[in-house]
$ cat structure.tsv   # TSV, C-alpha atoms
chain	number	residue	atom	x	y	z
A	370	ILE	CA	2.85	79.91	18.34
A	371	ALA	CA	1.50	76.54	19.43
A	372	PRO	CA	4.23	73.97	20.22
A	373	ASP	CA	2.47	71.28	18.19
A	374	PRO	CA	1.31	71.97	14.62
A	375	LEU	CA	-2.26	71.24	13.58
A	376	TRP	CA	-0.95	69.71	10.34
A	377	ARG	CA	2.19	69.26	8.30
A	378	ALA	CA	1.62	70.00	4.63
A	379	GLY	CA	4.60	67.95	3.46
A	380	GLU	CA	3.41	64.82	5.25
A	381	ILE	CA	-0.14	65.19	3.95
A	382	LEU	CA	1.02	65.79	0.39
A	383	LEU	CA	3.30	62.76	0.58
A	384	SER	CA	0.25	60.52	0.89
A	385	ARG	CA	-1.42	62.09	-2.15
A	386	SER	CA	-1.00	60.48	-5.57
A	387	ALA	CA	0.70	62.63	-8.18
A	388	GLU	CA	-2.15	62.03	-10.62
A	389	SER	CA	-4.78	63.34	-8.19
A	390	ARG	CA	-3.09	66.70	-7.69
A	391	ASN	CA	-4.64	69.79	-9.25
A	392	ILE	CA	-1.74	71.63	-10.89
A	393	ILE	CA	-2.03	74.38	-13.47
A	394	GLY	CA	0.43	76.62	-15.26
A	395	PHE	CA	0.84	79.20	-17.99
A	396	ASP	CA	2.35	78.64	-21.43
A	397	GLY	CA	3.18	82.27	-22.14
A	398	LYS	CA	-0.19	83.01	-23.70
A	399	LYS	CA	-2.86	81.14	-21.76
A	400	ALA	CA	-3.50	79.04	-18.68
A	401	VAL	CA	-2.84	75.31	-19.08
A	402	SER	CA	-3.07	72.15	-17.05
A	403	PHE	CA	0.35	70.92	-15.89
A	404	THR	CA	0.04	67.85	-18.11
A	405	TRP	CA	2.13	66.84	-21.09
A	406	ASP	CA	-0.62	67.27	-23.68
A	407	GLU	CA	-1.28	70.89	-22.71
A	408	LEU	CA	2.28	72.18	-22.50
A	409	SER	CA	3.58	74.35	-25.33
A	410	ASP	CA	6.28	73.05	-27.66
A	411	THR	CA	8.75	75.39	-25.97
A	412	GLN	CA	7.88	74.04	-22.53
A	413	LYS	CA	8.23	70.45	-23.72
A	414	SER	CA	11.66	71.34	-25.06
A	415	GLN	CA	12.59	72.89	-21.70
A	416	LEU	CA	11.60	69.57	-20.09
A	417	ASN	CA	13.90	67.72	-22.49
A	418	HIS	CA	10.94	66.31	-24.46
A	419	ASP	CA	10.51	63.86	-21.59
A	420	PRO	CA	6.98	63.12	-20.26
A	421	GLU	CA	8.53	61.13	-17.40
A	422	LEU	CA	10.20	64.31	-16.19
A	423	LEU	CA	6.83	66.04	-16.00
A	424	SER	CA	5.43	63.08	-14.05
A	425	TYR	CA	8.39	63.35	-11.66
A	426	LEU	CA	7.74	67.05	-11.13
A	427	ARG	CA	4.12	66.24	-10.27
A	428	GLY	CA	5.43	63.92	-7.55
A	429	ASN	CA	6.02	60.47	-9.02
A	430	PRO	CA	9.37	58.86	-8.08
A	431	ASN	CA	11.56	57.66	-10.92
A	432	PRO	CA	14.95	55.89	-10.61
A	433	ARG	CA	16.21	57.94	-13.56
A	434	PHE	CA	15.97	61.08	-11.47
A	435	ARG	CA	17.02	62.46	-8.09
A	436	LYS	CA	15.54	60.66	-5.10
A	437	ARG	CA	13.33	62.97	-3.04
A	438	LYS	CA	12.00	62.65	0.49
A	439	GLY	CA	8.65	64.23	-0.38
A	440	LYS	CA	6.51	66.04	-2.92
A	441	LEU	CA	6.71	69.48	-1.31
A	442	GLY	CA	9.82	71.51	-2.03
A	443	ASP	CA	11.58	73.58	0.60
A	444	ILE	CA	10.10	76.92	1.61
A	445	VAL	CA	12.90	79.34	2.43
A	446	HIS	CA	12.19	83.04	1.92
A	447	ALA	CA	8.48	82.91	1.06
A	448	SER	CA	6.16	83.41	4.02
A	449	PRO	CA	2.66	81.92	3.90
A	450	HIS	CA	-0.27	84.21	3.20
A	451	VAL	CA	-3.73	83.25	4.45
A	452	VAL	CA	-6.74	84.53	2.53
A	453	GLY	CA	-10.13	83.26	3.61
A	454	ASN	CA	-9.99	79.49	4.00
A	455	HIS	CA	-6.74	78.94	2.14
A	456	LEU	CA	-3.03	79.39	2.70
A	457	TYR	CA	-0.82	80.47	-0.23
A	458	VAL	CA	2.94	79.96	-0.25
A	459	GLY	CA	5.72	79.68	-2.80
A	460	ALA	CA	8.17	76.77	-2.70
A	461	ASN	CA	11.42	75.82	-4.35
A	462	ASP	CA	9.86	72.92	-6.23
A	463	GLY	CA	8.76	75.52	-8.78
A	464	MET	CA	5.20	75.89	-7.51
A	465	LEU	CA	2.93	78.25	-5.65
A	466	HIS	CA	1.01	75.90	-3.34
A	467	VAL	CA	-2.51	76.56	-2.09
A	468	PHE	CA	-3.47	74.60	1.02
A	469	ASN	CA	-6.73	74.30	2.89
A	470	ALA	CA	-5.93	76.33	6.00
A	471	ALA	CA	-7.92	74.03	8.29
A	472	SER	CA	-6.80	70.62	7.03
A	473	GLY	CA	-3.46	71.23	5.30
A	474	GLU	CA	-4.65	69.44	2.15
A	475	GLU	CA	-3.27	70.88	-1.10
A	476	ALA	CA	-6.18	72.43	-2.99
A	477	PHE	CA	-4.09	73.20	-6.05
A	478	ALA	CA	-0.69	74.43	-7.19
A	479	TYR	CA	0.50	76.84	-9.87
A	480	VAL	CA	3.69	76.47	-11.92
A	481	PRO	CA	4.72	79.79	-13.48
A	482	ASN	CA	6.02	79.72	-17.03
A	483	LEU	CA	8.83	81.85	-15.62
A	484	VAL	CA	10.48	78.82	-13.97
A	485	PHE	CA	10.28	76.38	-16.90
A	486	PRO	CA	13.83	77.05	-18.16
A	487	ASP	CA	15.21	75.61	-14.90
A	488	LEU	CA	12.64	72.96	-13.91
A	489	ALA	CA	14.65	70.08	-15.38
A	490	ARG	CA	17.42	70.81	-12.87
A	491	LEU	CA	15.16	69.56	-10.08
A	492	ALA	CA	15.51	66.01	-11.42
A	493	ASP	CA	19.30	66.06	-11.71
A	494	LYS	CA	20.94	63.51	-9.40
A	495	LEU	CA	23.74	66.04	-8.86
A	496	TYR	CA	21.24	68.81	-8.12
A	497	ALA	CA	22.54	71.73	-6.09
A	498	HIS	CA	19.85	73.72	-4.31
A	499	ARG	CA	18.46	76.74	-6.10
A	500	CYS	CA	15.44	78.95	-5.56
A	501	PHE	CA	12.33	78.93	-7.73
A	502	VAL	CA	9.05	80.42	-6.45
A	503	ASP	CA	10.78	82.02	-3.52
A	504	GLN	CA	8.86	85.24	-2.86
A	505	THR	CA	6.04	85.87	-0.40
A	506	PRO	CA	2.78	86.40	-2.33
A	507	ALA	CA	0.78	89.58	-1.81
A	508	CYS	CA	-2.99	89.98	-2.07
A	509	SER	CA	-5.13	93.03	-2.68
A	510	ASP	CA	-8.80	93.90	-3.03
A	511	ILE	CA	-9.37	95.65	-6.34
A	512	ARG	CA	-12.33	96.74	-8.47
A	513	ILE	CA	-12.41	95.89	-12.17
A	514	SER	CA	-15.30	96.78	-14.48
A	515	GLY	CA	-17.50	97.40	-11.46
A	516	LYS	CA	-16.71	94.03	-9.86
A	517	ASP	CA	-14.81	93.50	-6.61
A	518	LYS	CA	-11.88	91.11	-6.98
A	519	ILE	CA	-9.08	89.66	-4.87
A	520	TRP	CA	-5.86	89.37	-6.83
A	521	LEU	CA	-2.78	87.52	-5.64
A	522	VAL	CA	0.59	88.53	-7.07
A	523	GLY	CA	3.52	86.20	-6.57
A	524	GLY	CA	7.13	86.37	-7.64
A	525	LEU	CA	10.30	84.37	-7.89
A	526	GLY	CA	12.37	86.27	-5.33
A	527	LYS	CA	15.85	84.76	-5.34
A	528	GLY	CA	14.56	82.38	-8.00
A	529	GLY	CA	14.69	85.16	-10.56
A	530	LYS	CA	12.96	88.31	-11.68
A	531	GLY	CA	9.31	88.02	-12.61
A	532	TYR	CA	5.75	88.16	-11.34
A	533	PHE	CA	2.50	86.29	-11.89
A	534	CYS	CA	-1.08	87.08	-10.95
A	535	LEU	CA	-4.02	84.88	-9.95
A	536	ASP	CA	-7.60	85.98	-9.36
A	537	ILE	CA	-8.44	84.17	-6.10
A	538	THR	CA	-11.82	85.86	-5.55
A	539	GLU	CA	-13.84	82.65	-5.85
A	540	VAL	CA	-11.35	80.11	-4.47
A	541	ASP	CA	-13.21	79.65	-1.18
A	542	ARG	CA	-16.48	79.11	-3.05
A	543	MET	CA	-15.21	76.79	-5.77
A	544	GLY	CA	-17.04	73.48	-5.69
A	545	SER	CA	-14.33	71.73	-7.67
A	546	PHE	CA	-10.63	72.36	-8.07
A	547	SER	CA	-10.55	70.80	-11.53
A	548	PRO	CA	-7.92	72.14	-13.96
A	549	ASP	CA	-10.62	73.67	-16.16
A	550	ASN	CA	-12.03	75.65	-13.23
A	551	LEU	CA	-8.60	76.65	-12.01
A	552	LYS	CA	-7.44	77.96	-15.39
A	553	GLN	CA	-9.88	80.83	-14.96
A	554	LEU	CA	-7.79	82.11	-12.05
A	555	VAL	CA	-4.69	82.85	-14.13
A	556	GLN	CA	-4.40	86.52	-15.13
A	557	TRP	CA	-0.87	87.25	-16.34
A	558	GLU	CA	2.87	86.77	-15.99
A	559	PHE	CA	5.74	89.04	-16.89
A	560	LYS	CA	9.48	88.84	-16.46
A	561	ASP	CA	12.23	91.43	-16.01
A	562	ASP	CA	12.52	92.30	-19.72
A	563	GLU	CA	8.78	92.75	-20.18
A	564	GLY	CA	6.26	95.25	-18.88
A	565	LEU	CA	2.55	95.65	-18.39
A	566	GLY	CA	2.35	98.80	-20.47
A	567	TYR	CA	1.91	101.07	-17.47
A	568	THR	CA	3.54	104.49	-17.28
A	569	PHE	CA	4.62	105.76	-13.90
A	570	SER	CA	5.28	109.39	-13.13
A	571	GLU	CA	6.67	111.30	-10.17
A	572	PRO	CA	4.00	112.30	-7.64
A	573	VAL	CA	2.83	115.88	-7.76
A	574	ILE	CA	3.40	117.58	-4.42
$ encode --input "structure.tsv" --output "structure tokens"
Amino acid sequence: IAPDPLWRAGEILLSRSAESRNIIGFDGKKAVSFTWDELSDTQKSQLNHDPELLSYLRGNPNPRFRKRKGKLGDIVHASPHVVGNHLYVGANDGMLHVFNAASGEEAFAYVPNLVFPDLARLADKLYAHRCFVDQTPACSDIRISGKDKIWLVGGLGKGGKGYFCLDITEVDRMGSFSPDNLKQLVQWEFKDDEGLGYTFSEPVI
């Protein structure tokens, strides 16, 4: 390991405006932009019907809420996973972050619907640390309908029980990380009391 890092993601993200960040999520049924107009009614309720809270979570400071040193949450148990030209890692700001592996610039971030019930806690001035997207993502090459894909599955780890899946096949070739382009990456989410409809059986020996 080199003694001096090539880049520090937290420092780079600190200089980025909250409005310029590409952040997407999932409302329980479909992919959405992490903007107030696209959240579901349930998600708005979970954010206390407060658009300023959403702006804070995107990275804007607000004296009503907890003072933060940066826009990137702590990364505790999740190890980074490099696929192609990008680095994927979960953080305890409620997001899976995707960084350009060469420059450290945030390409985009994903906020699972799974963490929405607790997101408002991040703004509490008496906030006590808790985990959110705290599990190392895993990637796999798969074949669906005759097409080769790369799927990334992430989880909450100590942040809770649940998984989400992004199709990252085209991330390195995407010309624009606009929310509309990024929404196409979202495949599914499920939590501990849900299933994917799969049936598992004991292996035949």
$ residues_near_point --input "structure.tsv" --point "(-0.7, 79.3, 3.0)" --cutoff "12 Å" --atoms "all atoms listed in the file" --output "NGL selection string"
:A and (377-378 or 444 or 447-460 or 465-478 or 505-507)
$ residues_near_point --input "structure.tsv" --point "(-11.2, 92.9, -2.5)" --cutoff "8 Å" --atoms "all atoms listed in the file" --output "list in words"
Ser509, Asp510, Ile511, Arg512, Asp517, Lys518, Ile519, Trp520 and Thr538 of chain A
$ atom_distance --input "structure.tsv" --atom1 "CA of Phe501 in chain A" --atom2 "CA of Leu525 in chain A"
5.8 Å
$ atom_distance --input "structure.tsv" --atom1 "CA of Asn461 in chain A" --atom2 "CA of Glu539 in chain A"
26.2 Å
$ closest_residue --input "structure.tsv" --among "A:Asp493, A:Asp549, A:Gly379, A:Trp557" --to "Asp536 in chain A" --atoms "all atoms listed in the file"
A:Trp557
$ closest_residue --input "structure.tsv" --among "A:Lys440, A:Arg433, A:Arg385, A:Lys527" --to "Asp503 in chain A" --atoms "all atoms listed in the file"
A:Lys527
$ closest_residue --input "structure.tsv" --among "A:Ala387, A:Leu551, A:Val522, A:Ile393" --to "Ser424 in chain A" --atoms "all atoms listed in the file"
A:Ala387
$ closest_residue --input "structure.tsv" --among "A:Glu558, A:Asn550, A:Leu426, A:Leu521" --to "Cys508 in chain A" --atoms "all atoms listed in the file"
A:Leu521
$ residues_around --input "structure.tsv" --residues "Arg490 in chain A" --least-positions-apart "2" --cutoff "12 Å" --atoms "all atoms listed in the file" --output "list in words"
Gln415, Leu416, Asn417, Leu422, Tyr425, Leu426, Phe434, Arg435, Asn461, Asp462, Gly463, Val484, Phe485, Pro486, Asp487, Leu488, Ala492, Asp493, Lys494, Leu495, Tyr496, Ala497, His498, Arg499, Cys500 and Phe501 of chain A
$ closest_residue --input "structure.tsv" --among "A:Gln412, A:Gln504, A:Ser514, A:Ser384" --to "Asn429 in chain A" --atoms "all atoms listed in the file"
A:Ser384
$ residues_around --input "structure.tsv" --residues "Pro548 in chain A" --least-positions-apart "4" --cutoff "12 Å" --atoms "all atoms listed in the file" --output "list in words"
Ser389, Arg390, Asn391, Ile392, Ile393, Gly394, Phe395, Ala400, Val401, Ser402, Phe403, Thr404, Glu407, Ala476, Phe477, Ala478, Tyr479, Met543, Lys552, Gln553, Leu554 and Val555 of chain A
$ atom_distance --input "structure.tsv" --atom1 "CA of Leu441 in chain A" --atom2 "CA of Pro374 in chain A"
17.0 Å
$ closest_residue --input "structure.tsv" --among "A:Lys413, A:Gly439, A:Gly528, A:Pro481" --to "Glu380 in chain A" --atoms "all atoms listed in the file"
A:Gly439
